[in-house]
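Asker: Sharing data.cif (mmCIF, C-alpha atoms; chains and numbers go by the auth columns) below.
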data_work
#
loop_
_atom_site.group_PDB
_atom_site.id
_atom_site.type_symbol
_atom_site.label_atom_id
_atom_site.label_comp_id
_atom_site.label_asym_id
_atom_site.label_seq_id
_atom_site.Cartn_x
_atom_site.Cartn_y
_atom_site.Cartn_z
_atom_site.B_iso_or_equiv
_atom_site.auth_seq_id
_atom_site.auth_asym_id
ATOM 1 C CA MET A 1 0.000 0.000 0.000 0.00 118 A
ATOM 2 C CA LYS A 2 0.988 3.616 -0.467 0.00 119 A
ATOM 3 C CA ASP A 3 -0.586 7.054 -0.537 0.00 120 A
ATOM 4 C CA ASN A 4 -2.147 8.311 -3.769 0.00 121 A
ATOM 5 C CA ASN A 5 -0.008 11.335 -4.682 0.00 122 A
ATOM 6 C CA GLU A 6 -2.538 12.364 -7.361 0.00 123 A
ATOM 7 C CA GLU A 7 -5.411 12.787 -4.864 0.00 124 A
ATOM 8 C CA MET A 8 -6.623 16.404 -5.001 0.00 125 A
ATOM 9 C CA PHE A 9 -6.872 18.652 -1.939 0.00 126 A
ATOM 10 C CA PRO A 10 -8.173 22.205 -1.595 0.00 127 A
ATOM 11 C CA VAL A 11 -5.549 24.849 -0.901 0.00 128 A
ATOM 12 C CA VAL A 12 -6.834 27.308 1.715 0.00 129 A
ATOM 13 C CA ASP A 13 -5.934 30.478 3.557 0.00 130 A
ATOM 14 C CA GLU A 14 -5.633 30.525 7.358 0.00 131 A
ATOM 15 C CA ASP A 15 -9.387 31.236 7.679 0.00 132 A
ATOM 16 C CA GLY A 16 -10.235 28.106 5.660 0.00 133 A
ATOM 17 C CA ASN A 17 -11.253 29.922 2.467 0.00 134 A
ATOM 18 C CA ILE A 18 -10.399 27.895 -0.642 0.00 135 A
ATOM 19 C CA THR A 19 -7.814 29.643 -2.804 0.00 136 A
ATOM 20 C CA GLY A 20 -6.945 26.801 -5.178 0.00 137 A
ATOM 21 C CA ALA A 21 -6.274 23.088 -5.476 0.00 138 A
ATOM 22 C CA ALA A 22 -3.201 20.863 -5.444 0.00 139 A
ATOM 23 C CA SER A 23 -2.365 17.178 -5.419 0.00 140 A
ATOM 24 C CA ARG A 24 -1.278 15.267 -2.296 0.00 141 A
ATOM 25 C CA GLY A 25 2.180 15.055 -3.836 0.00 142 A
ATOM 26 C CA GLU A 26 2.350 18.829 -4.288 0.00 143 A
ATOM 27 C CA CYS A 27 1.085 19.462 -0.734 0.00 144 A
ATOM 28 C CA HIS A 28 3.644 17.065 0.809 0.00 145 A
ATOM 29 C CA ASN A 29 6.740 17.855 -1.277 0.00 146 A
ATOM 30 C CA GLY A 30 7.948 20.816 0.761 0.00 147 A
ATOM 31 C CA SER A 31 5.797 23.381 -1.093 0.00 148 A
ATOM 32 C CA ARG A 32 4.064 24.121 2.221 0.00 149 A
ATOM 33 C CA LEU A 33 0.743 24.739 0.467 0.00 150 A
ATOM 34 C CA LEU A 34 -1.819 25.122 3.270 0.00 151 A
ATOM 35 C CA HIS A 35 -4.422 22.336 3.058 0.00 152 A
ATOM 36 C CA PRO A 36 -7.218 21.341 5.484 0.00 153 A
ATOM 37 C CA VAL A 37 -7.250 18.202 7.621 0.00 154 A
ATOM 38 C CA VAL A 38 -9.573 16.795 10.276 0.00 155 A
ATOM 39 C CA HIS A 39 -8.586 15.196 13.590 0.00 156 A
ATOM 40 C CA LEU A 40 -10.863 13.282 15.962 0.00 157 A
ATOM 41 C CA HIS A 41 -9.756 12.429 19.499 0.00 158 A
ATOM 42 C CA VAL A 42 -11.744 9.375 20.614 0.00 159 A
ATOM 43 C CA PHE A 43 -12.097 8.919 24.373 0.00 160 A
ATOM 44 C CA ASN A 44 -13.858 6.047 26.104 0.00 161 A
ATOM 45 C CA SER A 45 -15.991 6.624 29.190 0.00 162 A
ATOM 46 C CA ARG A 46 -12.975 5.765 31.406 0.00 163 A
ATOM 47 C CA GLY A 47 -11.147 8.814 29.984 0.00 164 A
ATOM 48 C CA GLU A 48 -8.642 6.793 27.945 0.00 165 A
ATOM 49 C CA LEU A 49 -7.641 8.158 24.538 0.00 166 A
ATOM 50 C CA TYR A 50 -7.610 5.934 21.448 0.00 167 A
ATOM 51 C CA LEU A 51 -4.489 6.270 19.297 0.00 168 A
ATOM 52 C CA GLN A 52 -3.789 4.742 15.894 0.00 169 A
ATOM 53 C CA LYS A 53 -0.450 3.317 14.845 0.00 170 A
ATOM 54 C CA ARG A 54 0.691 4.645 11.480 0.00 171 A
ATOM 55 C CA PRO A 55 1.841 1.920 9.083 0.00 172 A
ATOM 56 C CA GLU A 56 5.430 1.826 7.853 0.00 173 A
ATOM 57 C CA TRP A 57 4.354 2.635 4.257 0.00 174 A
ATOM 58 C CA LYS A 58 2.970 6.118 5.107 0.00 175 A
ATOM 59 C CA ASP A 59 4.804 9.049 3.507 0.00 176 A
ATOM 60 C CA ILE A 60 4.645 11.128 6.710 0.00 177 A
ATOM 61 C CA GLN A 61 5.713 9.807 10.180 0.00 178 A
ATOM 62 C CA PRO A 62 5.625 6.035 9.473 0.00 179 A
ATOM 63 C CA GLY A 63 5.417 3.703 12.489 0.00 180 A
ATOM 64 C CA LYS A 64 4.462 6.402 15.015 0.00 181 A
ATOM 65 C CA TRP A 65 1.375 6.548 17.242 0.00 182 A
ATOM 66 C CA ASP A 66 -1.021 9.311 16.236 0.00 183 A
ATOM 67 C CA THR A 67 -4.423 10.909 16.773 0.00 184 A
ATOM 68 C CA ALA A 68 -7.251 8.327 16.529 0.00 185 A
ATOM 69 C CA VAL A 69 -8.432 9.790 13.232 0.00 186 A
ATOM 70 C CA GLY A 70 -6.533 12.156 11.007 0.00 187 A
ATOM 71 C CA GLY A 71 -7.288 12.748 7.384 0.00 188 A
ATOM 72 C CA HIS A 72 -7.353 15.223 4.580 0.00 189 A
ATOM 73 C CA VAL A 73 -10.384 17.148 3.416 0.00 190 A
ATOM 74 C CA ASP A 74 -10.802 16.235 -0.244 0.00 191 A
ATOM 75 C CA LEU A 75 -11.481 18.824 -2.915 0.00 192 A
ATOM 76 C CA GLY A 76 -15.214 19.621 -2.903 0.00 193 A
ATOM 77 C CA GLU A 77 -15.806 18.135 0.559 0.00 194 A
ATOM 78 C CA SER A 78 -16.910 19.956 3.745 0.00 195 A
ATOM 79 C CA VAL A 79 -15.038 19.540 7.032 0.00 196 A
ATOM 80 C CA ASP A 80 -18.015 17.646 8.550 0.00 197 A
ATOM 81 C CA ILE A 81 -18.312 15.249 5.616 0.00 198 A
ATOM 82 C CA ALA A 82 -14.543 14.672 5.608 0.00 199 A
ATOM 83 C CA LEU A 83 -14.576 13.990 9.370 0.00 200 A
ATOM 84 C CA ARG A 84 -17.387 11.423 9.096 0.00 201 A
ATOM 85 C CA ARG A 85 -15.767 9.751 6.059 0.00 202 A
ATOM 86 C CA GLU A 86 -12.374 9.479 7.746 0.00 203 A
ATOM 87 C CA VAL A 87 -13.849 8.101 11.001 0.00 204 A
ATOM 88 C CA ARG A 88 -15.798 5.470 9.045 0.00 205 A
ATOM 89 C CA GLU A 89 -12.794 4.565 6.849 0.00 206 A
ATOM 90 C CA GLU A 90 -10.143 4.477 9.591 0.00 207 A
ATOM 91 C CA LEU A 91 -12.038 3.110 12.624 0.00 208 A
ATOM 92 C CA GLY A 92 -15.312 1.695 11.268 0.00 209 A
ATOM 93 C CA ILE A 93 -17.343 4.049 13.503 0.00 210 A
ATOM 94 C CA GLU A 94 -20.640 5.190 11.957 0.00 211 A
ATOM 95 C CA GLU A 95 -22.430 6.948 14.839 0.00 212 A
ATOM 96 C CA PHE A 96 -20.649 9.526 16.999 0.00 213 A
ATOM 97 C CA THR A 97 -21.125 13.098 18.171 0.00 214 A
ATOM 98 C CA PRO A 98 -18.130 15.310 17.366 0.00 215 A
ATOM 99 C CA GLU A 99 -17.386 18.227 19.683 0.00 216 A
ATOM 100 C CA PRO A 100 -15.268 20.966 18.059 0.00 217 A
ATOM 101 C CA LEU A 101 -12.061 21.691 19.999 0.00 218 A
ATOM 102 C CA THR A 102 -9.818 24.017 18.021 0.00 219 A
ATOM 103 C CA ARG A 103 -8.536 25.076 14.618 0.00 220 A
ATOM 104 C CA TYR A 104 -4.864 25.862 14.039 0.00 221 A
ATOM 105 C CA VAL A 105 -2.066 25.759 11.471 0.00 222 A
ATOM 106 C CA PHE A 106 0.438 22.903 11.856 0.00 223 A
ATOM 107 C CA GLU A 107 3.771 23.371 10.110 0.00 224 A
ATOM 108 C CA SER A 108 6.600 20.937 9.457 0.00 225 A
ATOM 109 C CA ALA A 109 9.529 20.957 7.044 0.00 226 A
ATOM 110 C CA ARG A 110 7.375 19.194 4.427 0.00 227 A
ATOM 111 C CA GLU A 111 3.890 20.615 4.815 0.00 228 A
ATOM 112 C CA ARG A 112 1.413 23.095 6.280 0.00 229 A
ATOM 113 C CA GLU A 113 -2.009 21.917 7.425 0.00 230 A
ATOM 114 C CA LEU A 114 -5.082 23.790 8.636 0.00 231 A
ATOM 115 C CA VAL A 115 -6.209 21.379 11.360 0.00 232 A
ATOM 116 C CA PHE A 116 -9.864 21.151 12.417 0.00 233 A
ATOM 117 C CA SER A 117 -9.769 19.215 15.698 0.00 234 A
ATOM 118 C CA PHE A 118 -12.724 17.461 17.382 0.00 235 A
ATOM 119 C CA LYS A 119 -13.298 15.006 20.219 0.00 236 A
ATOM 120 C CA THR A 120 -15.935 12.414 21.037 0.00 237 A
ATOM 121 C CA VAL A 121 -16.668 9.856 23.741 0.00 238 A
ATOM 122 C CA TYR A 122 -17.227 6.389 22.284 0.00 239 A
ATOM 123 C CA ASP A 123 -17.516 2.970 23.930 0.00 240 A
ATOM 124 C CA GLY A 124 -18.546 0.875 20.926 0.00 241 A
ATOM 125 C CA ALA A 125 -16.463 -1.405 18.747 0.00 242 A
ATOM 126 C CA VAL A 126 -13.415 0.126 17.069 0.00 243 A
ATOM 127 C CA ARG A 127 -12.372 -1.663 13.868 0.00 244 A
ATOM 128 C CA PRO A 128 -9.106 -0.162 12.564 0.00 245 A
ATOM 129 C CA SER A 129 -8.867 -0.380 8.779 0.00 246 A
ATOM 130 C CA GLN A 130 -6.031 -1.762 6.721 0.00 247 A
ATOM 131 C CA GLU A 131 -4.914 1.883 6.320 0.00 248 A
ATOM 132 C CA LEU A 132 -3.665 1.633 9.937 0.00 249 A
ATOM 133 C CA ASP A 133 -1.292 -0.651 11.809 0.00 250 A
ATOM 134 C CA GLY A 134 -3.885 -1.110 14.568 0.00 251 A
ATOM 135 C CA GLY A 135 -4.584 1.021 17.596 0.00 252 A
ATOM 136 C CA ARG A 136 -5.565 0.973 21.248 0.00 253 A
ATOM 137 C CA PHE A 137 -6.894 3.079 24.115 0.00 254 A
ATOM 138 C CA TRP A 138 -4.129 4.711 26.189 0.00 255 A
ATOM 139 C CA PRO A 139 -4.499 6.068 29.735 0.00 256 A
ATOM 140 C CA VAL A 140 -3.693 9.787 29.512 0.00 257 A
ATOM 141 C CA GLU A 141 -0.930 9.364 32.131 0.00 258 A
ATOM 142 C CA GLU A 142 0.779 6.788 29.881 0.00 259 A
ATOM 143 C CA ILE A 143 0.675 9.237 26.965 0.00 260 A
ATOM 144 C CA ARG A 144 2.194 11.979 29.140 0.00 261 A
ATOM 145 C CA ALA A 145 4.990 9.589 30.186 0.00 262 A
ATOM 146 C CA HIS A 146 5.930 8.952 26.525 0.00 263 A
ATOM 147 C CA ILE A 147 5.824 12.562 25.244 0.00 264 A
ATOM 148 C CA GLY A 148 9.150 13.590 23.697 0.00 265 A
ATOM 149 C CA LYS A 149 10.460 10.019 23.395 0.00 266 A
ATOM 150 C CA GLY A 150 9.845 9.449 19.667 0.00 267 A
ATOM 151 C CA VAL A 151 6.741 7.306 20.248 0.00 268 A
ATOM 152 C CA PHE A 152 4.172 9.767 18.869 0.00 269 A
ATOM 153 C CA THR A 153 3.978 11.993 15.804 0.00 270 A
ATOM 154 C CA PRO A 154 5.111 15.588 16.457 0.00 271 A
ATOM 155 C CA ASN A 155 1.672 16.774 15.323 0.00 272 A
ATOM 156 C CA PHE A 156 -0.091 14.599 17.923 0.00 273 A
ATOM 157 C CA GLU A 157 2.289 15.704 20.691 0.00 274 A
ATOM 158 C CA GLN A 158 1.793 19.383 19.891 0.00 275 A
ATOM 159 C CA GLU A 159 -1.991 19.028 19.736 0.00 276 A
ATOM 160 C CA PHE A 160 -2.136 16.905 22.919 0.00 277 A
ATOM 161 C CA GLN A 161 -0.195 19.587 24.793 0.00 278 A
ATOM 162 C CA ARG A 162 -2.184 22.451 23.198 0.00 279 A
ATOM 163 C CA LEU A 163 -5.493 20.876 24.289 0.00 280 A
ATOM 164 C CA LYS A 164 -4.212 19.979 27.796 0.00 281 A
ATOM 165 C CA PHE A 165 -5.904 16.558 27.930 0.00 282 A
#
Can you dump the structure from the file as structure tokens?
Answerer:
Amino acid sequence: MKDNNEEMFPVVDEDGNITGAASRGECHNGSRLLHPVVHLHVFNSRGELYLQKRPEWKDIQPGKWDTAVGGHVDLGESVDIALRREVREELGIEEFTPEPLTRYVFESARERELVFSFKTVYDGAVRPSQELDGGRFWPVEEIRAHIGKGVFTPNFEQEFQRLKF
């Protein structure tokens, strides 16, 4: 498996207004074109946070633990539709109530993302897709103990600390 570098994403300004379009390859090649993504933090009723393990074939941060759901908003798609599609595709969850948390710009050497972050509480079955290398619920204290040790993606660590879970 590998990412489809021809997949088209909207290019946006920092307010989320669409200013153009570019392929995944263009957005991830160091051009730093700002493109929107959705994140969902999935908690269970015990307060544990579900994290996905990124497969080794991913073009960004392979093998690291990451936000339960993270995905791009496709060209022509709303943030809400993208969020529901990604949650269904990555974790097999159909019914959930997203609570908006924050919106911010994440920057790395390779890309710039406008992140729309949400959370939900969910105790049903989680069925990670073949897009992931599995996942599990983590006690928040265990996450805190592993911050800065190369276990998690930098994006997850920054967002985790920003949201003060």
Asker: Evaluate the PyMOL selection byres ((chain A and resi 150-166) around 7) against this structure - the residues, as a ChimeraX atom specification, please.
Answerer: /A:126-130,144,148-149,167-168,184-190,196,200,228-240,254-257
Asker: Up to 12 Å from (6.2, 19.3, 19.3) in the file's coordinates: name the residues, counting only C-alpha atoms, as a list in words.
Answerer: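 Residues with an atom at most 12 Å from (6.2, 19.3, 19.3): Phe223, Glu224, Ser225, Ile264, Gly265, Lys266, Gly267, Phe269, Thr270, Pro271, Asn272, Phe273, Glu274, Gln275, Glu276, Phe277, Gln278 and Arg279 of chain A.
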Asker: I'd like the contact shell of Arg244 of chain A - 12 Å cut-off, only C-alpha atoms, skipping same-chain residues fewer than 3 positions apart - returned as a VMD selection string.
Answerer: chain A and resid 167 169 185 204 to 211 241 247 to 253
Asker: Of the candidates A:Arg141, A:Arg202, A:Arg220, A:Arg227, which shows the shortest atom-to-atom distance to Met125 of chain A, using all atoms listed in the file?
Answerer: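 For Met125 of chain A, the nearest of the candidates is A:Arg141.
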Asker: Find the residue from A:Glu194, A:His145, A:Pro172, A:Glu131 that sits nearest to Tyr221 of chain A; use all atoms listed in the file when measuring.
Answerer: A:Glu131
Asker: Please report the interatomic distance between atom CA of Trp182 of chain A and atom CA of Val222 of chain A in Å with one decimal.
Answerer: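 We find that atom CA of Trp182 of chain A and atom CA of Val222 of chain A lie 20.4 Å from each other.
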Asker: How many Å lie between atom CA of Gln178 of chain A and atom CA of Phe213 of chain A, rounded to one decimal?
Answerer: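 For atom CA of Gln178 of chain A relative to atom CA of Phe213 of chain A, the distance reads 27.2 Å.
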Asker: One decimal, Å: what's the distance from atom CA of Ala139 of chain A over to atom CA of Lys175 of chain A, could you say?
Answerer: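 Computing it gives 19.2 Å between the two atoms.
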Asker: First collect every listed atom of segment 184-200 of chain A; then fit an axis-aligned box around them, widen it by 8 Å on each side, and give centre and edge lengths in Å to one decimal, as AutoDock Vina command-line options.
Answerer:
--center_x -11.4 --center_y 14.1 --center_z 6.9 --size_x 29.9 --size_y 27.6 --size_z 35.7
Asker: Counting all atoms listed in the file, which of A:Thr214, A:Pro179, A:Ile260, A:Val243 gets nearest to Asp197 of chain A?
Answerer: A:Thr214
Asker: Between A:Ile135, A:Pro217, A:Ser195, A:Phe282, which has the minimum distance to Glu259 of chain A (counting all atoms listed in the file)?
Answerer: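 Nearest candidate to Glu259 of chain A out of A:Ile135, A:Pro217, A:Ser195, A:Phe282: A:Phe282.
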Asker: Compare A:Arg171, A:Ala226, A:Asn134, A:Asp191 by their minimum atom-to-atom distance to Gly147 of chain A, counting only C-alpha atoms, and give me the closest one.
Answerer: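 Nearest to Gly147 of chain A: A:Ala226.
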